$ cat protein_6.cif   # mmCIF, C-alpha atoms
data_target
loop_
_atom_site.label_atom_id
_atom_site.label_comp_id
_atom_site.auth_asym_id
_atom_site.auth_seq_id
_atom_site.Cartn_x
_atom_site.Cartn_y
_atom_site.Cartn_z
CA MET A 1 65.13 -73.42 191.00
CA ARG A 2 65.90 -75.01 194.35
CA ARG A 3 62.64 -73.77 195.77
CA LEU A 4 60.75 -75.14 192.81
CA ALA A 5 62.46 -78.50 193.24
CA LEU A 6 61.56 -78.53 196.91
CA LEU A 7 57.96 -77.61 196.14
CA LEU A 8 57.76 -80.36 193.55
CA ALA A 9 59.29 -82.88 195.94
CA LEU A 10 56.82 -81.97 198.67
CA THR A 11 53.76 -82.12 196.45
CA ALA A 12 54.78 -85.16 194.40
CA GLN A 13 52.32 -88.07 194.38
CA PRO A 14 53.62 -91.61 194.54
CA LEU A 15 52.98 -93.45 191.29
CA LEU A 16 51.39 -96.47 192.95
CA ALA A 17 49.30 -94.64 195.49
CA ASP A 18 47.23 -96.30 198.17
CA SER A 19 43.54 -95.66 198.59
CA ASN A 20 42.00 -93.35 201.15
CA LEU A 21 40.01 -96.11 202.82
CA PRO A 22 41.08 -97.59 206.17
CA PRO A 23 42.23 -101.25 206.22
CA ALA A 24 39.47 -103.88 206.04
CA TYR A 25 37.98 -104.86 209.43
CA TRP A 26 39.84 -108.15 209.92
CA ALA A 27 43.03 -107.08 208.13
CA ASN A 28 44.95 -106.30 211.34
CA ARG A 29 42.60 -107.68 213.98
CA GLN A 30 42.69 -111.12 215.53
CA LEU A 31 39.66 -113.39 215.57
CA PRO A 32 38.13 -113.71 219.07
CA ASP A 33 38.39 -117.52 218.95
CA PRO A 34 42.11 -118.37 219.44
CA LYS A 35 41.75 -121.72 217.65
CA GLN A 36 40.26 -120.08 214.56
CA GLU A 37 42.87 -117.32 214.69
CA ALA A 38 45.66 -119.92 214.80
CA ARG A 39 44.19 -121.66 211.76
CA ALA A 40 43.82 -118.37 209.88
CA GLU A 41 47.34 -117.31 210.87
CA ALA A 42 48.87 -120.57 209.62
CA LEU A 43 47.06 -120.20 206.30
CA MET A 44 48.06 -116.55 205.88
CA GLU A 45 51.73 -117.53 206.33
CA GLU A 46 51.36 -119.82 203.32
CA LEU A 47 49.58 -117.47 200.94
CA ARG A 48 51.61 -115.29 198.64
CA CYS A 49 50.99 -111.56 198.42
CA LEU A 50 49.94 -110.50 194.92
CA VAL A 51 51.61 -107.10 195.23
CA CYS A 52 54.84 -107.79 197.14
CA GLN A 53 55.54 -111.09 195.41
CA GLY A 54 57.87 -113.08 197.64
CA GLN A 55 56.16 -112.05 200.86
CA SER A 56 53.29 -113.86 202.50
CA ILE A 57 50.06 -111.96 203.08
CA ALA A 58 50.82 -112.23 206.81
CA ASP A 59 54.04 -110.24 206.26
CA SER A 60 52.94 -107.76 203.64
CA ASP A 61 51.76 -104.21 204.25
CA ALA A 62 50.09 -103.93 200.85
CA GLU A 63 46.40 -103.02 200.95
CA LEU A 64 45.48 -106.02 198.85
CA ALA A 65 47.28 -108.28 201.34
CA GLY A 66 45.21 -106.68 204.12
CA ASP A 67 42.05 -107.36 202.15
CA MET A 68 43.16 -110.97 201.63
CA ARG A 69 43.79 -111.39 205.38
CA ASP A 70 40.28 -110.01 205.95
CA LEU A 71 38.93 -112.56 203.47
CA VAL A 72 40.82 -115.45 205.09
CA ARG A 73 39.72 -114.52 208.64
CA ARG A 74 36.10 -114.01 207.55
CA ARG A 75 35.95 -117.40 205.87
CA ILE A 76 37.67 -119.25 208.71
CA ALA A 77 35.34 -117.52 211.20
CA ALA A 78 32.39 -118.70 209.10
CA GLY A 79 33.60 -122.27 209.65
CA GLU A 80 35.31 -122.87 206.31
CA LYS A 81 38.32 -125.24 206.30
CA PRO A 82 41.73 -123.66 205.52
CA ALA A 83 42.14 -126.15 202.65
CA ALA A 84 38.88 -124.90 201.11
CA VAL A 85 39.98 -121.27 201.32
CA ARG A 86 43.34 -122.16 199.78
CA GLY A 87 41.56 -124.09 197.02
CA TRP A 88 39.25 -121.16 196.31
CA LEU A 89 42.25 -118.86 195.84
CA ILE A 90 44.14 -121.41 193.72
CA GLN A 91 41.10 -121.61 191.42
CA ARG A 92 41.51 -117.89 190.80
CA TYR A 93 45.26 -117.31 190.80
CA GLY A 94 46.72 -120.76 190.17
CA SER A 95 49.01 -122.71 192.51
CA TRP A 96 51.29 -119.67 192.37
CA ILE A 97 49.30 -118.14 195.25
CA SER A 98 50.19 -120.92 197.70
CA TYR A 99 53.62 -121.42 199.25
CA LYS A 100 52.77 -124.94 200.36
CA PRO A 101 54.67 -127.40 198.12
CA THR A 102 52.17 -129.12 195.87
CA ASP A 103 51.84 -132.88 195.36
CA GLU A 104 51.03 -132.35 191.66
CA PRO A 105 53.49 -133.81 189.10
CA ALA A 106 55.18 -130.39 188.78
CA GLY A 107 56.33 -130.75 192.40
CA TRP A 108 57.58 -134.34 192.19
CA PRO A 109 61.25 -133.46 191.52
CA LEU A 110 61.19 -131.52 194.78
CA TRP A 111 60.09 -134.62 196.73
CA LEU A 112 62.26 -137.07 194.80
CA ALA A 113 65.51 -135.04 194.74
CA PRO A 114 66.49 -135.81 198.38
CA LEU A 115 65.89 -139.53 197.80
CA ALA A 116 67.93 -139.46 194.59
CA LEU A 117 70.78 -137.58 196.31
CA LEU A 118 70.74 -140.06 199.23
CA GLY A 119 70.95 -142.91 196.73
CA ILE A 120 73.92 -141.34 194.93
CA GLY A 121 75.65 -140.74 198.27
CA ALA A 122 75.13 -144.33 199.37
CA PHE A 123 76.50 -145.58 196.04
CA LEU A 124 79.65 -143.43 196.33
CA ILE A 125 80.30 -144.51 199.92
CA ARG A 126 79.87 -148.17 199.02
CA ARG A 127 82.32 -147.84 196.16
CA ARG A 128 84.86 -146.14 198.34
CA ILE A 129 84.59 -148.78 201.05
CA ARG A 130 85.02 -151.54 198.48
CA MET A 131 88.08 -149.85 196.97
CA LYS A 132 89.64 -149.52 200.41
CA ALA A 133 88.90 -153.13 201.24
CA ARG A 134 90.64 -154.19 198.06
CA GLY A 135 93.60 -152.26 199.23
CA MET B 1 90.88 -140.13 186.85
CA SER B 2 89.79 -140.10 183.25
CA ARG B 3 90.00 -136.98 181.18
CA ALA B 4 86.25 -136.60 180.72
CA ILE B 5 85.63 -136.55 184.49
CA ARG B 6 88.33 -133.94 184.99
CA PHE B 7 86.41 -131.56 182.74
CA ALA B 8 83.07 -132.23 184.38
CA PRO B 9 83.21 -129.28 186.85
CA LEU B 10 84.02 -126.89 184.00
CA ALA B 11 81.12 -128.23 181.96
CA LEU B 12 78.85 -127.85 184.98
CA LEU B 13 79.99 -124.24 185.44
CA LEU B 14 79.32 -123.51 181.78
CA LEU B 15 75.84 -124.98 182.12
CA VAL B 16 75.09 -122.74 185.11
CA VAL B 17 76.43 -119.66 183.28
CA VAL B 18 74.30 -120.44 180.22
CA ALA B 19 71.23 -120.84 182.43
CA LEU B 20 71.90 -117.52 184.19
CA VAL B 21 72.51 -115.63 180.94
CA TRP B 22 69.33 -117.10 179.47
CA ARG B 23 67.27 -115.91 182.46
CA LEU B 24 68.88 -112.46 182.29
CA ALA B 25 68.04 -112.18 178.61
CA THR B 26 64.43 -113.35 179.08
CA PRO B 27 63.30 -112.24 182.55
CA SER B 28 60.46 -114.23 184.02
CA ASN B 29 57.04 -112.65 183.81
CA SER B 30 55.78 -111.54 187.22
CA THR B 31 52.22 -110.64 186.25
CA VAL B 32 49.65 -112.96 187.75
CA SER B 33 46.87 -113.82 185.34
CA SER B 34 43.41 -114.89 186.38
CA LYS B 35 42.57 -118.55 185.94
CA LEU B 36 38.93 -117.67 185.30
CA GLU B 37 39.31 -117.02 181.56
CA GLY B 38 36.73 -119.23 179.86
CA LYS B 39 34.67 -119.56 183.05
CA SER B 40 31.61 -117.65 184.21
CA VAL B 41 31.93 -114.54 186.30
CA PRO B 42 31.61 -115.54 189.98
CA ALA B 43 28.33 -114.39 191.53
CA PHE B 44 28.59 -110.97 193.15
CA ALA B 45 26.52 -107.87 193.84
CA LEU B 46 28.23 -104.56 194.46
CA PRO B 47 26.41 -101.45 195.74
CA ALA B 48 26.36 -98.14 193.90
CA ILE B 49 28.88 -95.48 194.87
CA VAL B 50 28.02 -92.55 192.58
CA ALA B 51 24.77 -91.47 190.94
CA LYS B 52 24.48 -94.54 188.74
CA PRO B 53 23.50 -98.15 189.41
CA GLY B 54 25.81 -100.61 191.17
CA LEU B 55 27.06 -103.75 189.46
CA SER B 56 26.14 -107.39 189.95
CA SER B 57 27.11 -110.53 188.07
CA ALA B 58 23.55 -110.71 186.69
CA ASP B 59 24.14 -107.39 184.88
CA LEU B 60 26.93 -109.02 182.89
CA ALA B 61 24.91 -111.76 181.19
CA THR B 62 22.67 -109.60 179.05
CA GLY B 63 23.37 -110.99 175.61
CA LYS B 64 26.03 -108.44 174.66
CA PRO B 65 29.77 -108.58 175.31
CA ARG B 66 31.07 -105.88 177.62
CA ILE B 67 34.22 -104.65 179.30
CA VAL B 68 34.41 -104.85 183.08
CA ASN B 69 37.07 -102.38 184.14
CA VAL B 70 38.64 -102.84 187.59
CA PHE B 71 39.84 -99.35 188.47
CA ALA B 72 40.16 -96.76 191.23
CA SER B 73 40.31 -92.99 191.56
CA TRP B 74 43.65 -93.36 193.42
CA CYS B 75 45.21 -95.26 190.53
CA VAL B 76 47.31 -93.03 188.29
CA PRO B 77 47.42 -95.20 185.11
CA CYS B 78 43.60 -95.37 185.31
CA ILE B 79 43.48 -91.69 184.29
CA THR B 80 44.96 -92.33 180.86
CA GLU B 81 42.99 -95.53 180.50
CA VAL B 82 39.64 -93.85 181.10
CA HIS B 83 40.21 -91.68 178.00
CA VAL B 84 40.70 -94.79 175.89
CA LEU B 85 37.56 -96.31 177.42
CA GLN B 86 35.67 -93.13 176.44
CA GLU B 87 36.88 -93.59 172.90
CA LEU B 88 35.72 -97.24 172.94
CA LYS B 89 32.37 -96.15 174.35
CA SER B 90 31.91 -93.71 171.46
CA ARG B 91 32.29 -96.74 169.17
CA GLY B 92 29.41 -98.46 170.95
CA VAL B 93 31.34 -100.57 173.45
CA LEU B 94 29.60 -101.22 176.78
CA VAL B 95 31.85 -100.54 179.76
CA ASP B 96 31.11 -101.32 183.41
CA GLY B 97 33.33 -100.40 186.32
CA ILE B 98 34.38 -101.99 189.59
CA ALA B 99 35.78 -99.23 191.80
CA VAL B 100 38.27 -100.75 194.22
CA ARG B 101 38.64 -99.21 197.71
CA ASP B 102 37.11 -95.93 196.65
CA THR B 103 35.13 -93.17 198.37
CA PRO B 104 32.12 -91.42 196.76
CA PRO B 105 33.69 -87.90 196.70
CA ASP B 106 37.02 -89.18 195.31
CA LEU B 107 35.31 -91.18 192.59
CA ALA B 108 32.88 -88.39 191.65
CA ASP B 109 35.89 -86.08 191.32
CA PHE B 110 37.77 -88.59 189.19
CA LEU B 111 34.81 -89.01 186.81
CA ALA B 112 34.16 -85.27 186.59
CA HIS B 113 37.80 -84.57 185.71
CA ASN B 114 38.63 -87.48 183.46
CA GLY B 115 35.32 -88.48 181.90
CA ASP B 116 32.85 -91.22 182.62
CA PRO B 117 32.51 -94.11 180.15
CA TYR B 118 30.74 -96.41 182.63
CA GLU B 119 27.19 -97.79 182.37
CA ARG B 120 27.33 -99.05 185.95
CA ILE B 121 29.87 -98.77 188.73
CA GLY B 122 30.00 -101.15 191.71
CA SER B 123 31.88 -100.24 194.87
CA ASP B 124 34.35 -102.92 195.97
CA ALA B 125 35.51 -101.41 199.26
CA GLU B 126 37.42 -104.47 200.52
CA SER B 127 38.65 -105.75 197.13
CA ARG B 128 36.47 -108.84 197.59
CA VAL B 129 35.13 -108.99 194.03
CA GLN B 130 38.56 -108.09 192.70
CA ILE B 131 39.97 -111.16 194.48
CA ALA B 132 37.00 -113.31 193.42
CA LEU B 133 37.82 -112.39 189.80
CA GLY B 134 41.47 -113.37 190.20
CA SER B 135 42.61 -109.80 189.59
CA SER B 136 45.80 -108.68 191.30
CA GLY B 137 45.83 -104.92 190.82
CA VAL B 138 44.37 -101.85 189.18
CA PRO B 139 43.75 -101.25 186.37
CA GLU B 140 42.67 -104.55 184.93
CA SER B 141 39.86 -105.28 182.51
CA PHE B 142 37.81 -108.35 181.73
CA ILE B 143 35.92 -108.92 178.51
CA VAL B 144 32.72 -110.74 179.43
CA ASP B 145 30.53 -112.25 176.73
CA GLY B 146 26.73 -112.13 176.55
CA HIS B 147 26.41 -115.28 178.68
CA GLY B 148 28.51 -113.86 181.50
CA ILE B 149 31.62 -115.86 180.62
CA ILE B 150 35.04 -114.23 180.99
CA ARG B 151 36.70 -114.32 177.59
CA TYR B 152 39.80 -112.21 178.12
CA GLN B 153 41.70 -110.53 180.92
CA HIS B 154 43.75 -107.42 180.21
CA ILE B 155 46.36 -106.67 182.88
CA GLY B 156 47.40 -103.04 183.18
CA PRO B 157 45.85 -100.03 181.45
CA ILE B 158 44.21 -100.38 178.04
CA GLU B 159 46.36 -98.03 175.93
CA ALA B 160 45.18 -96.32 172.75
CA SER B 161 47.33 -98.82 170.82
CA ASP B 162 45.41 -101.71 172.44
CA ALA B 163 42.05 -100.48 171.12
CA PRO B 164 42.04 -102.53 167.87
CA MET B 165 42.94 -105.69 169.81
CA ILE B 166 40.19 -105.01 172.36
CA MET B 167 37.67 -104.43 169.55
CA ALA B 168 38.72 -107.75 168.00
CA LYS B 169 38.31 -109.57 171.35
CA LEU B 170 34.85 -108.03 171.77
CA GLU B 171 33.95 -109.16 168.25
CA GLN B 172 35.11 -112.71 169.07
CA ALA B 173 33.01 -112.66 172.24
CA ARG B 174 29.88 -111.78 170.28
#

$ encode --input "protein_6.cif" --output "structure tokens"
Amino acid sequence: MRRLALLLALTAQPLLADSNLPPAYWANRQLPDPKQEARAEALMEELRCLVCQGQSIADSDAELAGDMRDLVRRRIAAGEKPAAVRGWLIQRYGSWISYKPTDEPAGWPLWLAPLALLGIGAFLIRRRIRMKARG
Amino acid sequence: MSRAIRFAPLALLLLVVVALVWRLATPSNSTVSSKLEGKSVPAFALPAIVAKPGLSSADLATGKPRIVNVFASWCVPCITEVHVLQELKSRGVLVDGIAVRDTPPDLADFLAHNGDPYERIGSDAESRVQIALGSSGVPESFIVDGHGIIRYQHIGPIEASDAPMIMAKLEQAR
């Protein structure tokens, strides 16, 4: 029984297996032009991995993330602007794919909240000062 | 301090608890759907990988709706799905495949063991067409109408119980 269990454990296949192909060419290789590489790197930090949701494609070891890094580096090397590459991905996956806060209406509370909180704080302080002044 | 204000923190706590319980009861959906539903298939041309033709976007606008199955020989749920696709094929459904990150011997083995419902199979070695389609994993399937427009995206394997729904979607795409 123990031997069988050991045999099964050794021969078990992971449910979400990876492919047998090596990583894409530019997945783990820097672009020769340091300026382009910096641009690609900055963009990859801001793109969300589709497999390990919550990680950026720069951080993720998933094969699909490697393929996305390859895609980003290829397009940047071909002279495409990072904003265009981001836009192309958003067209396919929605704004979900980008970590960069959006300026669409859905993101407005994010931008307005600090202002609103500052306003409330100022109001409270003013009231307190007035109350103290009155004695 | 008035009475109402004294109870404000408690009310706030209750609000937070209600929000947390609600999210626990209805977990958010983490599948990422393609935004290309209703749009044409992006232009692509994939080479052949086994002894049948490769797949290009032009092959998808031929007047008849078809299923484009994004799959791989290294994908375990694809094994059960391919049997369902065989069944659909026997009912006259046209199925094309995009093999993601696959090698010719692995794929030939997969088809020999599990059956081969595919008219054409394109080899997507660096997942480029998969990404262009807005697909985030294997297996996924797209129903493409006769004009090459994506009508429906199915995330995960097509199970036997999904067959009637798939047939209905194909009928709608006619």

$ resolve_selection --input "protein_6.cif" --expression "the PyMOL selection byres ((chain A) within 10 of (chain B))" --output "ChimeraX atom specification"
/A:13-25,27,49-51,53,63-68,70-71,88-94,96-97

$ resolve_selection --input "protein_6.cif" --expression "the PyMOL selection byres ((chain B and resi 42-58) around 7)" --output "MDAnalysis selection string"
chainID B and resid 40:41 59:61 104 108 120:124 129 132:133

$ write_last_selection --input "protein_6.cif" --atoms "C-alpha atoms" --output "mmCIF file, keeping the file's coordinate frame"
data_model
loop_
_atom_site.group_PDB
_atom_site.id
_atom_site.type_symbol
_atom_site.label_atom_id
_atom_site.label_comp_id
_atom_site.auth_asym_id
_atom_site.auth_seq_id
_atom_site.Cartn_x
_atom_site.Cartn_y
_atom_site.Cartn_z
ATOM 1 C CA SER B 40 31.610 -117.650 184.210
ATOM 2 C CA VAL B 41 31.930 -114.540 186.300
ATOM 3 C CA ASP B 59 24.140 -107.390 184.880
ATOM 4 C CA LEU B 60 26.930 -109.020 182.890
ATOM 5 C CA ALA B 61 24.910 -111.760 181.190
ATOM 6 C CA PRO B 104 32.120 -91.420 196.760
ATOM 7 C CA ALA B 108 32.880 -88.390 191.650
ATOM 8 C CA ARG B 120 27.330 -99.050 185.950
ATOM 9 C CA ILE B 121 29.870 -98.770 188.730
ATOM 10 C CA GLY B 122 30.000 -101.150 191.710
ATOM 11 C CA SER B 123 31.880 -100.240 194.870
ATOM 12 C CA ASP B 124 34.350 -102.920 195.970
ATOM 13 C CA VAL B 129 35.130 -108.990 194.030
ATOM 14 C CA ALA B 132 37.000 -113.310 193.420
ATOM 15 C CA LEU B 133 37.820 -112.390 189.800
#

$ residues_around --input "protein_6.cif" --residues "B:Gly146" --least-positions-apart "3" --cutoff "6 Å" --atoms "all atoms listed in the file" --output "ChimeraX atom specification"
/B:61-65

$ atom_distance --input "protein_6.cif" --atom1 "atom CA of B:Arg66" --atom2 "atom CA of B:Ala168"
12.4 Å

$ atom_distance --input "protein_6.cif" --atom1 "atom CA of A:Pro32" --atom2 "atom CA of A:Arg69"
15.0 Å

$ atom_distance --input "protein_6.cif" --atom1 "atom CA of A:Arg86" --atom2 "atom CA of A:Pro101"
12.6 Å

$ build_atoms --input "protein_6.cif" --residues "stretch 38-71 of chain B" --atoms "N, CA and C atoms" --output "PDB file, in the frame of the given file"
ATOM      1  N   GLY B  38      37.482-118.088 180.362  1.00  0.00           N
ATOM      2  CA  GLY B  38      36.730-119.230 179.860  1.00  0.00           C
ATOM      3  C   GLY B  38      35.689-119.732 180.856  1.00  0.00           C
ATOM      4  N   LYS B  39      35.669-119.155 182.049  1.00  0.00           N
ATOM      5  CA  LYS B  39      34.670-119.560 183.050  1.00  0.00           C
ATOM      6  C   LYS B  39      33.693-118.411 183.302  1.00  0.00           C
ATOM      7  N   SER B  40      32.566-118.729 183.962  1.00  0.00           N
ATOM      8  CA  SER B  40      31.610-117.650 184.210  1.00  0.00           C
ATOM      9  C   SER B  40      32.099-116.749 185.327  1.00  0.00           C
ATOM     10  N   VAL B  41      31.632-115.519 185.252  1.00  0.00           N
ATOM     11  CA  VAL B  41      31.930-114.540 186.300  1.00  0.00           C
ATOM     12  C   VAL B  41      31.366-115.073 187.610  1.00  0.00           C
ATOM     13  N   PRO B  42      32.169-115.098 188.699  1.00  0.00           N
ATOM     14  CA  PRO B  42      31.610-115.540 189.980  1.00  0.00           C
ATOM     15  C   PRO B  42      30.478-114.622 190.415  1.00  0.00           C
ATOM     16  N   ALA B  43      29.498-115.184 191.128  1.00  0.00           N
ATOM     17  CA  ALA B  43      28.330-114.390 191.530  1.00  0.00           C
ATOM     18  C   ALA B  43      28.757-113.295 192.507  1.00  0.00           C
ATOM     19  N   PHE B  44      28.321-112.084 192.233  1.00  0.00           N
ATOM     20  CA  PHE B  44      28.590-110.970 193.150  1.00  0.00           C
ATOM     21  C   PHE B  44      27.531-109.898 192.972  1.00  0.00           C
ATOM     22  N   ALA B  45      27.408-109.029 193.940  1.00  0.00           N
ATOM     23  CA  ALA B  45      26.520-107.870 193.840  1.00  0.00           C
ATOM     24  C   ALA B  45      27.182-106.728 194.593  1.00  0.00           C
ATOM     25  N   LEU B  46      27.548-105.692 193.837  1.00  0.00           N
ATOM     26  CA  LEU B  46      28.230-104.560 194.460  1.00  0.00           C
ATOM     27  C   LEU B  46      27.288-103.348 194.500  1.00  0.00           C
ATOM     28  N   PRO B  47      27.286-102.617 195.622  1.00  0.00           N
ATOM     29  CA  PRO B  47      26.410-101.450 195.740  1.00  0.00           C
ATOM     30  C   PRO B  47      26.898-100.290 194.871  1.00  0.00           C
ATOM     31  N   ALA B  48      26.006 -99.340 194.652  1.00  0.00           N
ATOM     32  CA  ALA B  48      26.360 -98.140 193.900  1.00  0.00           C
ATOM     33  C   ALA B  48      27.250 -97.260 194.764  1.00  0.00           C
ATOM     34  N   ILE B  49      28.015 -96.390 194.122  1.00  0.00           N
ATOM     35  CA  ILE B  49      28.880 -95.480 194.870  1.00  0.00           C
ATOM     36  C   ILE B  49      28.714 -94.056 194.374  1.00  0.00           C
ATOM     37  N   VAL B  50      28.340 -93.881 193.097  1.00  0.00           N
ATOM     38  CA  VAL B  50      28.020 -92.550 192.580  1.00  0.00           C
ATOM     39  C   VAL B  50      26.613 -92.613 192.024  1.00  0.00           C
ATOM     40  N   ALA B  51      26.154 -91.531 191.397  1.00  0.00           N
ATOM     41  CA  ALA B  51      24.770 -91.470 190.940  1.00  0.00           C
ATOM     42  C   ALA B  51      24.545 -92.313 189.689  1.00  0.00           C
ATOM     43  N   LYS B  52      24.848 -93.590 189.781  1.00  0.00           N
ATOM     44  CA  LYS B  52      24.480 -94.540 188.740  1.00  0.00           C
ATOM     45  C   LYS B  52      24.402 -95.916 189.388  1.00  0.00           C
ATOM     46  N   PRO B  53      23.722 -96.878 188.729  1.00  0.00           N
ATOM     47  CA  PRO B  53      23.500 -98.150 189.410  1.00  0.00           C
ATOM     48  C   PRO B  53      24.775 -98.897 189.767  1.00  0.00           C
ATOM     49  N   GLY B  54      24.696 -99.730 190.804  1.00  0.00           N
ATOM     50  CA  GLY B  54      25.810-100.610 191.170  1.00  0.00           C
ATOM     51  C   GLY B  54      25.925-101.738 190.163  1.00  0.00           C
ATOM     52  N   LEU B  55      26.793-102.695 190.446  1.00  0.00           N
ATOM     53  CA  LEU B  55      27.060-103.750 189.460  1.00  0.00           C
ATOM     54  C   LEU B  55      26.941-105.123 190.113  1.00  0.00           C
ATOM     55  N   SER B  56      26.202-106.010 189.463  1.00  0.00           N
ATOM     56  CA  SER B  56      26.140-107.390 189.950  1.00  0.00           C
ATOM     57  C   SER B  56      26.458-108.324 188.794  1.00  0.00           C
ATOM     58  N   SER B  57      26.748-109.583 189.120  1.00  0.00           N
ATOM     59  CA  SER B  57      27.110-110.530 188.070  1.00  0.00           C
ATOM     60  C   SER B  57      25.953-110.726 187.086  1.00  0.00           C
ATOM     61  N   ALA B  58      24.706-110.534 187.581  1.00  0.00           N
ATOM     62  CA  ALA B  58      23.550-110.710 186.690  1.00  0.00           C
ATOM     63  C   ALA B  58      23.539-109.649 185.587  1.00  0.00           C
ATOM     64  N   ASP B  59      24.110-108.473 185.872  1.00  0.00           N
ATOM     65  CA  ASP B  59      24.140-107.390 184.880  1.00  0.00           C
ATOM     66  C   ASP B  59      25.099-107.690 183.732  1.00  0.00           C
ATOM     67  N   LEU B  60      25.889-108.762 183.882  1.00  0.00           N
ATOM     68  CA  LEU B  60      26.930-109.020 182.890  1.00  0.00           C
ATOM     69  C   LEU B  60      26.508-110.071 181.866  1.00  0.00           C
ATOM     70  N   ALA B  61      25.367-110.737 182.128  1.00  0.00           N
ATOM     71  CA  ALA B  61      24.910-111.760 181.190  1.00  0.00           C
ATOM     72  C   ALA B  61      23.653-111.258 180.490  1.00  0.00           C
ATOM     73  N   THR B  62      23.836-110.238 179.657  1.00  0.00           N
ATOM     74  CA  THR B  62      22.670-109.600 179.050  1.00  0.00           C
ATOM     75  C   THR B  62      22.654-109.756 177.545  1.00  0.00           C
ATOM     76  N   GLY B  63      23.419-110.731 177.036  1.00  0.00           N
ATOM     77  CA  GLY B  63      23.370-110.990 175.610  1.00  0.00           C
ATOM     78  C   GLY B  63      24.398-110.228 174.789  1.00  0.00           C
ATOM     79  N   LYS B  64      25.032-109.219 175.396  1.00  0.00           N
ATOM     80  CA  LYS B  64      26.030-108.440 174.660  1.00  0.00           C
ATOM     81  C   LYS B  64      27.368-108.491 175.380  1.00  0.00           C
ATOM     82  N   PRO B  65      28.473-108.609 174.632  1.00  0.00           N
ATOM     83  CA  PRO B  65      29.770-108.580 175.310  1.00  0.00           C
ATOM     84  C   PRO B  65      30.051-107.195 175.891  1.00  0.00           C
ATOM     85  N   ARG B  66      30.760-107.168 177.007  1.00  0.00           N
ATOM     86  CA  ARG B  66      31.070-105.880 177.620  1.00  0.00           C
ATOM     87  C   ARG B  66      32.444-105.942 178.296  1.00  0.00           C
ATOM     88  N   ILE B  67      32.948-104.746 178.576  1.00  0.00           N
ATOM     89  CA  ILE B  67      34.220-104.650 179.300  1.00  0.00           C
ATOM     90  C   ILE B  67      33.916-104.369 180.756  1.00  0.00           C
ATOM     91  N   VAL B  68      34.500-105.158 181.661  1.00  0.00           N
ATOM     92  CA  VAL B  68      34.410-104.850 183.080  1.00  0.00           C
ATOM     93  C   VAL B  68      35.778-104.332 183.499  1.00  0.00           C
ATOM     94  N   ASN B  69      35.808-103.056 183.845  1.00  0.00           N
ATOM     95  CA  ASN B  69      37.070-102.380 184.140  1.00  0.00           C
ATOM     96  C   ASN B  69      37.248-102.288 185.660  1.00  0.00           C
ATOM     97  N   VAL B  70      38.314-102.926 186.161  1.00  0.00           N
ATOM     98  CA  VAL B  70      38.640-102.840 187.590  1.00  0.00           C
ATOM     99  C   VAL B  70      39.557-101.635 187.753  1.00  0.00           C
ATOM    100  N   PHE B  71      39.073-100.600 188.430  1.00  0.00           N
ATOM    101  CA  PHE B  71      39.840 -99.350 188.470  1.00  0.00           C
ATOM    102  C   PHE B  71      39.682 -98.679 189.830  1.00  0.00           C
TER     103      PHE B  71
END
